[in-house]
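I have placed the structure first, in the form of structure tokens, so that the comments after it can refer back to it.
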Amino acid sequence: MLIKHHFWLIFLISVNSIAQNCVLNINGTITDDGTNIPLENATAYIKETKKGAAADSNGAFKLSGICQGEYHIVFGHLSCEPKEVFIEVNEKDLVLNLKLKHTAHELDDVLIYAPSKTISGQSKETISEQKILDNASKNLANLIESISGVSTLKNGTAIAKPVVHGNFGNRLTILNNGVAQNGQQWGNDHSPEIDPLVANKISVIKGVSALEYMGSNLGALVLVEPNSINKEPHLHGKSSYFFDSNGLGSGLNVQLQQYSKIGWKINATAKKSGDRKTKDFILKNTGNEELNLAFQLEKELSKNWNASLYFSSFNTRIAVFQGTQATNLTSLNEIITSPVQRFSDVDFSYSIEPPNQEVSHNYLKLKAKNYLDDNAFFEFTVAGQLNSRNEFDVRRAKFKGKPVLSLLNYNLFGEGKFQKQIGEGLVLKTGTQTNFINNSNQPGRGVSPLIPDYSLFQIGAFGIVKKQWFKNTVELGMRYDYSLQDVVRINQNNKSNIIVEADNYNNLNGSLGIKHRFSDHLTASYNLGYSSRNPGTNELYSFGVHQGVASFEEGDPKLKIEKAIKMTLEIEGDVNEVFTVKALGYYQRVNDYIFLEPLGFILTIRGALPSFKYSQVNAEIFGFDFSTKWNITHSLFSTAKYAFIRGFNLSQDNIAIINLPSNNLRFGIGYHFSKPVKLLGKAFENIEIEANSFHVFKQENISFDQELPLNKELTEFVPLPDGYSLFGISLASDIQLGKNRLRFTGKVDNLLNVAYRDYLNRQRYFADDIGINASLGLSLNF
Amino acid sequence: MKIFKSFLILSLLGLIVISCKDDDNDAKIDDNEEVELITTVVYSLTDPENNTVSFTFADKDGDGGEAPKVDVSGNLKANTVYTGKLTFSDESGAEVDDKTSEIAVVEADEHQIFFTNTSNNVSVAYSDKDENGNPIGIKSILTTTSASKEKITITLLHKPNKSAEGVKEGDITNAGGEPDIEVSFDFNVEAVAL
């Protein structure tokens with residue numbers, strides 16, 4: 001089943017009371033709450049006794065011969081994640097009826113989490129906890145890349161940003177546990193400072209307008225969500241180790257949680273990787289390291305009040321491949337025409353030298369939730385974020401070791417939300433948010449700042465109404481934001497002079513969604529939204545050489561608000577649950593679309609540098625995401641995904657919009673062993689093997705002249721990279737070791753060690769992308 | 001409701017207090033703060049009669065803004081040996097800040113200057129050395145032959161591989177490193193009236 005199940009428990013104590021030991025029973029049914037369909041072959045397994053049972057075609061299961069005591073029961077179903085539940089068996093038989101039930105009490109937010117009840121029916125795709133752990137070495141962008149319509153903008157391997165429907169950076173909001181991640185997201189070489197391993201679920205919303213959240217996005221959202229802490233009085237946890245052969249990278253992640261009077265959870269990750277290798281060369285200075293810690297506390301203050309605290313600290317050092325620092329036209333000419341890969345005749349090393357980045361992100365969130373009743377709740381959140389980014393380059397004499405970019409950004413956020421069922425199938429959600437951001441360049445750099453100091457104050461409010469009746473859902477929402485920005489910048493004509501600017505903006509956003517359920521096997525949803533985005537400080541006031549990408553960038557203080565209309569049509573269906581299809585078409589028209597336009601070269605004392613300016617044009621972007629899964633037999637399955645996107649610059653003769661991903665295709669074929677296999681005296685359960693392929697088409701729409709501003713000046717034409725195909729295999733299995741469960745994963749990416757370059761990887765001018773990588777993961781649940 | 005109200009008031013108060021911060025002045029680079037900037041390169045060529053021709057590249061406001069000014073003060077004479085001297089300075093501030101010694105003395109082993117001319121009519125040889133006996137290029141000897149129109153490119157490389165083939169002789173091909181400075185001058189070599 002494509003829909004991920006949340007198992008939740010409803011206790012119904014049976015009337016049968018047999019007061020003997022060890023002849024007690026646990027009976028029950030496992031059904032799907034939304035449709036009441038019994039889940040045949042769902043399993044119930046008691047860890048302590050190692051006894052289990054499977055549900056029959058009515059969803060009924062029975063565990064007999066149970067003694068009084070406390071048990072952990074694990075419920076599982078096919079390709080869903082197992083869910084563990086703690087129960088006490090006293091003197092009576094126990095009846096457990098499990099349903100997929102989503103109540104305001106148990107899940108943080110009904111309307112977002114429940115797959116069939118998303119607040120707006122906007123397209124949402126999810127990466128499960130299992131998949132996150134199975135890919136523990138990947139960063140956030142690389143992890144969600146397998147979702148159709150999602151791509152990655154990279155500068156090498158360690159620096160990667162997600163791209164959803166062509167939106168990235170300032171246009172894509174990443175919600176870190178419900179609060180918009182705030183840092184220097186404007187930079188194309190600035191990865192989001194989030195550890196995916198703190199999340200139990202990562203979702204991508206490919207929508208029209210995310211009204212519930214403050215932020216400058218055009219409907220595309222990435223939600224990184226840790227679960228609430230399981231109500232388990234015993235200490236439980238997971239510890240995972242992973243290893244990558246390319247870069248000889250290793251990592252360790254430890255999670256611990258317990259809930260007696262107060263729930264607490266700790267999640268810590270450490271990663272270290274050395275130089276990466278392309279098909280033929282080791283790239284000097286491409287290692288990275290990371291040290292992260294997340295901490296959660298939850299408490300039920302009273303029957304109606306819940307409170308939680310979340311703290312996370314993300315710290316990374318990333319080395320930037322020396323070759324990408326080509327600083328002028330002469331060097332670029334050399335690199336592009338040279339038959340030998342520059343900066344590659346090296347031995348492997350873990351060291352991180354300039355040019356490199358050092359970033360840390362600290363985040364604290366406090367939340368309180370009040371349930372007025374089963375159908376209404378209030379929620380208050382206060383959060384603070386502190387983001388520090390230092391970027392280093394190779395420098396002279398007394399400036400050695402000093403950063404060329406040093407920005408400190410702090411953010412305070414406050415929010416109050418209210419949700420209530422106000423009528424038959426009618427839900428209202430409303431709220432207000434305030435946000436304060438302060439960004440300052442730290443002294444001691446010895447170079448002009450690329451973006452100025454600024455502070456930004458925002459306040460906004462939204463209202464969403466959703467009506468459900470029979471097979472239809474309609475949702476209508478509106479949002480208003482007011483922003484006030486104070487910028488302190490250097491007068492470029494007279495550098496000892498400061499200019500203080502104050503800009504204010506009014507933003508109105510709206511959306512309409514209609515969803516119709518034709519049958520249990522076919523639904524269609526249509527969404528229409530209007531959203532506006534304020535120009536970012538970098539877009540208005542950048543001036544200078546952006547060291548990380550060796551280009552001169554200039555902003556335009558006269559930029560106006562971007563205004564966009566987006567519509568999506570999604571059709572989701574299945575044939576007997578054997579064959580499932582999801583197809584999404586989207587169209588976006590953006591007036592005053594801001595982008596970094598390549599203009600040519602400017603002459604500097606360093607030679608000629610590529611020059612870019614933030615420009616504003618009218619644009620049209622549209623595309624199509626398609627994904628399908630075919631359960632060929634009970635165990636054999638196959639998947640296919642396709643993503644297509646095109647953009648037109650309407651103000652410049654309909655030339656293509658740059659930096660949009662190429663069209664791509666993914667295939668997978670896998671086999672899931674339904675019965676455990678005995679090997680070396682141990683039972684290997686849930687064995688799954690999969691072969692996959694990824695085909696990227698050449699970016700045919702970009703013209704010769706648009707390819708950086710280089711082609712007119714270079715001695716040789718810089719070609720757009722060819723299309724490429726990558727193949728991979730993976731294997732996973734679980735082993736029960738006493739009370740604990742061990743999961744083993746092994747995979748190989750770029751199995752054929754192909755040399756390739758991707759349009760969205762800035763490193764493509766200088767080097768191939770990485771070659772073959774074999775990964776190994778071990779994860780112990782205890 | 002009480003709790004809700006007090007929470008709202010508290011958070012709004014907190015935010016108002018913080019938003020009334022003073023304007024930040026850290027964006028400006030202090031007059032006293034060191035800046036790693038070279039705005040001006042001067043290559044002065046002195047002939048045996050002590051006449052000097054200067055090639056000047058000046059971008060006083062730094063990258064961007066006003067275009068750099070490139071100036072050649074006169075023509076060179078054919079069949080003449082010139083003593084060449086390079087200076088690097090920062091003219092962005094009120095005073096001229098000479099940076100030549102930072103390159104020539106402090107970090108001499110990490111820098112080398114290359115002179116690449118369009119034709120063989122003009123050739124440049126090094127006349128200085130760093131502590132390892134390798135050339136730097138602050139001091140040079142420029143020799144002209146026949147009359148022509150020429151273009152010379154002066155490149156300051158940071159961390160070149162001074163022992164790679166041809167580098168010590170002034171061939172930039174295998175030098176590696178990063179160009180900190182690259183400036184070009186169009187000039188004339190004119191025949192000397194006898």
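We label chains A, B, ... in the order they appear in the structure tokens, count residues from 1 in each chain, and number ligands from 1 in the order shown.
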Practice task
Find the residues in chain A near chain B: any atom within 6 Å counts, using only C-alpha atoms. Write them as JSON, numbers by chain.
Solution key: {"A": [446, 447, 453, 604, 605, 606, 607]}
How about saving the chosen residues, N, CA and C atoms kept, as a short mmCIF file (atom, residue, chain, number, x, y, z; two decimals), in the first residue's frame?
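For reference, out_9.cif as written:
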```cif
data_model
loop_
_atom_site.label_atom_id
_atom_site.label_comp_id
_atom_site.auth_asym_id
_atom_site.auth_seq_id
_atom_site.Cartn_x
_atom_site.Cartn_y
_atom_site.Cartn_z
N GLY A 446 38.38 41.48 6.65
CA GLY A 446 39.32 42.12 5.74
C GLY A 446 38.83 42.19 4.31
N VAL A 447 37.57 41.94 4.09
CA VAL A 447 37.00 42.15 2.74
C VAL A 447 35.62 42.78 2.89
N ASP A 453 24.20 44.09 6.43
CA ASP A 453 23.51 43.80 7.69
C ASP A 453 22.06 44.21 7.53
N THR A 604 38.54 43.06 -13.53
CA THR A 604 38.98 43.40 -12.19
C THR A 604 40.49 43.22 -12.17
N ILE A 605 41.08 43.54 -11.05
CA ILE A 605 42.53 43.41 -10.93
C ILE A 605 42.94 41.93 -10.96
N ARG A 606 41.97 41.08 -10.79
CA ARG A 606 42.24 39.65 -10.84
C ARG A 606 42.06 39.07 -12.24
N GLY A 607 41.74 39.93 -13.16
CA GLY A 607 41.43 39.47 -14.50
C GLY A 607 39.93 39.60 -14.73
#
```
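Residues within 6 Å of A:Asn27, counting only C-alpha atoms and excluding same-chain residues fewer than 6 positions away, are Phe61, Lys62 and Val95 of chain A.
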Filtering to N, CA and C atoms, could you give me those residues as a PDB file, in the first residue's frame?
```pdb
ATOM      1  N   PHE A  61      -6.898 -11.326  14.848  1.00  0.00           N
ATOM      2  CA  PHE A  61      -5.710 -12.074  15.257  1.00  0.00           C
ATOM      3  C   PHE A  61      -5.899 -12.536  16.699  1.00  0.00           C
ATOM      4  N   LYS A  62      -5.150 -13.570  17.086  1.00  0.00           N
ATOM      5  CA  LYS A  62      -5.244 -14.048  18.472  1.00  0.00           C
ATOM      6  C   LYS A  62      -3.879 -14.499  18.957  1.00  0.00           C
ATOM      7  N   VAL A  95      -8.486  -7.315  24.752  1.00  0.00           N
ATOM      8  CA  VAL A  95      -8.910  -7.186  23.361  1.00  0.00           C
ATOM      9  C   VAL A  95      -8.343  -5.880  22.816  1.00  0.00           C
TER      10      VAL A  95
END
```
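Excluding A:Phe624 itself and any same-chain residue fewer than 4 positions from it, the protein and nucleic acid residues within 6 Å of it, counting only C-alpha atoms, are Leu584, Gly585, Ala643 and Phe644 of chain A.
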Exercise for the section: Quick one: everything within 7 Å of stretch 141-147 of chain A, counting only C-alpha atoms, minus sequence neighbours fewer than 5 positions away in the same chain. Send it as a ChimeraX atom specification. Expected result: /A:152,160-162
Problem - Pairwise distance for atom CA of B:Asp128 and atom CA of B:Thr143, rounded to one decimal in Å - result: 16.3 Å
Practice task
as a VMD selection string, please: all residues of stretch 71-116 of chain B that backbone DSSP puts in strand (DSSP E or B).
Solution key: chain B and resid 71 to 72 76 to 77 81 to 90 97 to 98 111 to 116
Fill in the blank from the handout: Expressed in Å, the length from atom CA of A:Val748 to atom CA of A:Asn773 is 5.6 Å
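Surrounding stretch 82-93 of chain A within 6 Å are Ser17, Ile18, Ala19, Leu24, Asn25, Ile26, Gln68, Gly69, Glu70, Tyr71, His72, Ile73, Val74, Phe75 and Gly76 of chain A, with only C-alpha atoms counted and residues fewer than 4 positions along the same chain left out.
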Please write the residues from the selection above to a file, keeping C-alpha atoms, as a short mmCIF file (atom, residue, chain, number, x, y, z; two decimals), in the first residue's frame.
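Printed below is selection22.cif as written:
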```
data_model
loop_
_atom_site.label_atom_id
_atom_site.label_comp_id
_atom_site.auth_asym_id
_atom_site.auth_seq_id
_atom_site.Cartn_x
_atom_site.Cartn_y
_atom_site.Cartn_z
CA SER A 17 -12.15 -12.69 32.97
CA ILE A 18 -10.15 -15.79 33.52
CA ALA A 19 -7.97 -15.27 36.55
CA LEU A 24 -4.64 -15.36 28.98
CA ASN A 25 -5.34 -14.22 25.44
CA ILE A 26 -4.82 -11.12 23.46
CA GLN A 68 0.29 -11.66 33.35
CA GLY A 69 2.91 -9.04 32.81
CA GLU A 70 4.18 -6.23 30.72
CA TYR A 71 4.87 -6.73 27.07
CA HIS A 72 6.04 -4.93 24.00
CA ILE A 73 3.99 -5.94 20.98
CA VAL A 74 5.18 -5.11 17.51
CA PHE A 75 2.52 -4.69 14.84
CA GLY A 76 3.55 -4.87 11.22
#
```
Excluding A:Glu212 and any residue of its chain fewer than 5 positions from it, enumerate the residues within 8 Å of it, using only C-alpha atoms, and give them as an mmCIF file with C-alpha atoms, in the first residue's frame.
```cif
data_model
loop_
_atom_site.group_PDB
_atom_site.id
_atom_site.type_symbol
_atom_site.label_atom_id
_atom_site.label_comp_id
_atom_site.auth_asym_id
_atom_site.auth_seq_id
_atom_site.Cartn_x
_atom_site.Cartn_y
_atom_site.Cartn_z
ATOM 1 C CA GLY A 431 -3.497 31.583 13.424
ATOM 2 C CA PHE A 462 -4.084 33.210 8.131
ATOM 3 C CA ARG A 479 -3.083 34.841 4.392
#
```
Handout entry: Shell of 8 Å around A:Gly425, only C-alpha atoms, local chain residues under 6 positions omitted, as a PyMOL selection string
Key = chain A and resi 466-469
Those selected residues, please, written with N, CA and C atoms and delivered as a tab-separated table (two decimals), in the first residue's frame.
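New file selection.tsv:
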```
chain	number	residue	atom	x	y	z
A	466	LYS	N	-12.14	24.30	5.68
A	466	LYS	CA	-12.22	23.07	4.89
A	466	LYS	C	-13.56	22.39	5.11
A	467	LYS	N	-14.17	22.03	4.01
A	467	LYS	CA	-15.49	21.37	4.10
A	467	LYS	C	-15.41	20.02	3.40
A	468	GLN	N	-15.92	19.02	4.12
A	468	GLN	CA	-15.91	17.67	3.54
A	468	GLN	C	-17.33	17.16	3.50
A	469	TRP	N	-17.76	16.70	2.37
A	469	TRP	CA	-19.09	16.08	2.34
A	469	TRP	C	-19.09	15.03	1.24
```
Handout entry: Distance in Å - atom CA of A:Ile266 versus atom CA of A:Phe295
Key =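 Here the two named atoms are 4.6 Å from each other.
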Handout entry: Nearest candidate to A:Lys367 (options A:Asn409, A:Ser308, A:Gln258, A:Gln130; using only C-alpha atoms)
Key = A:Ser308
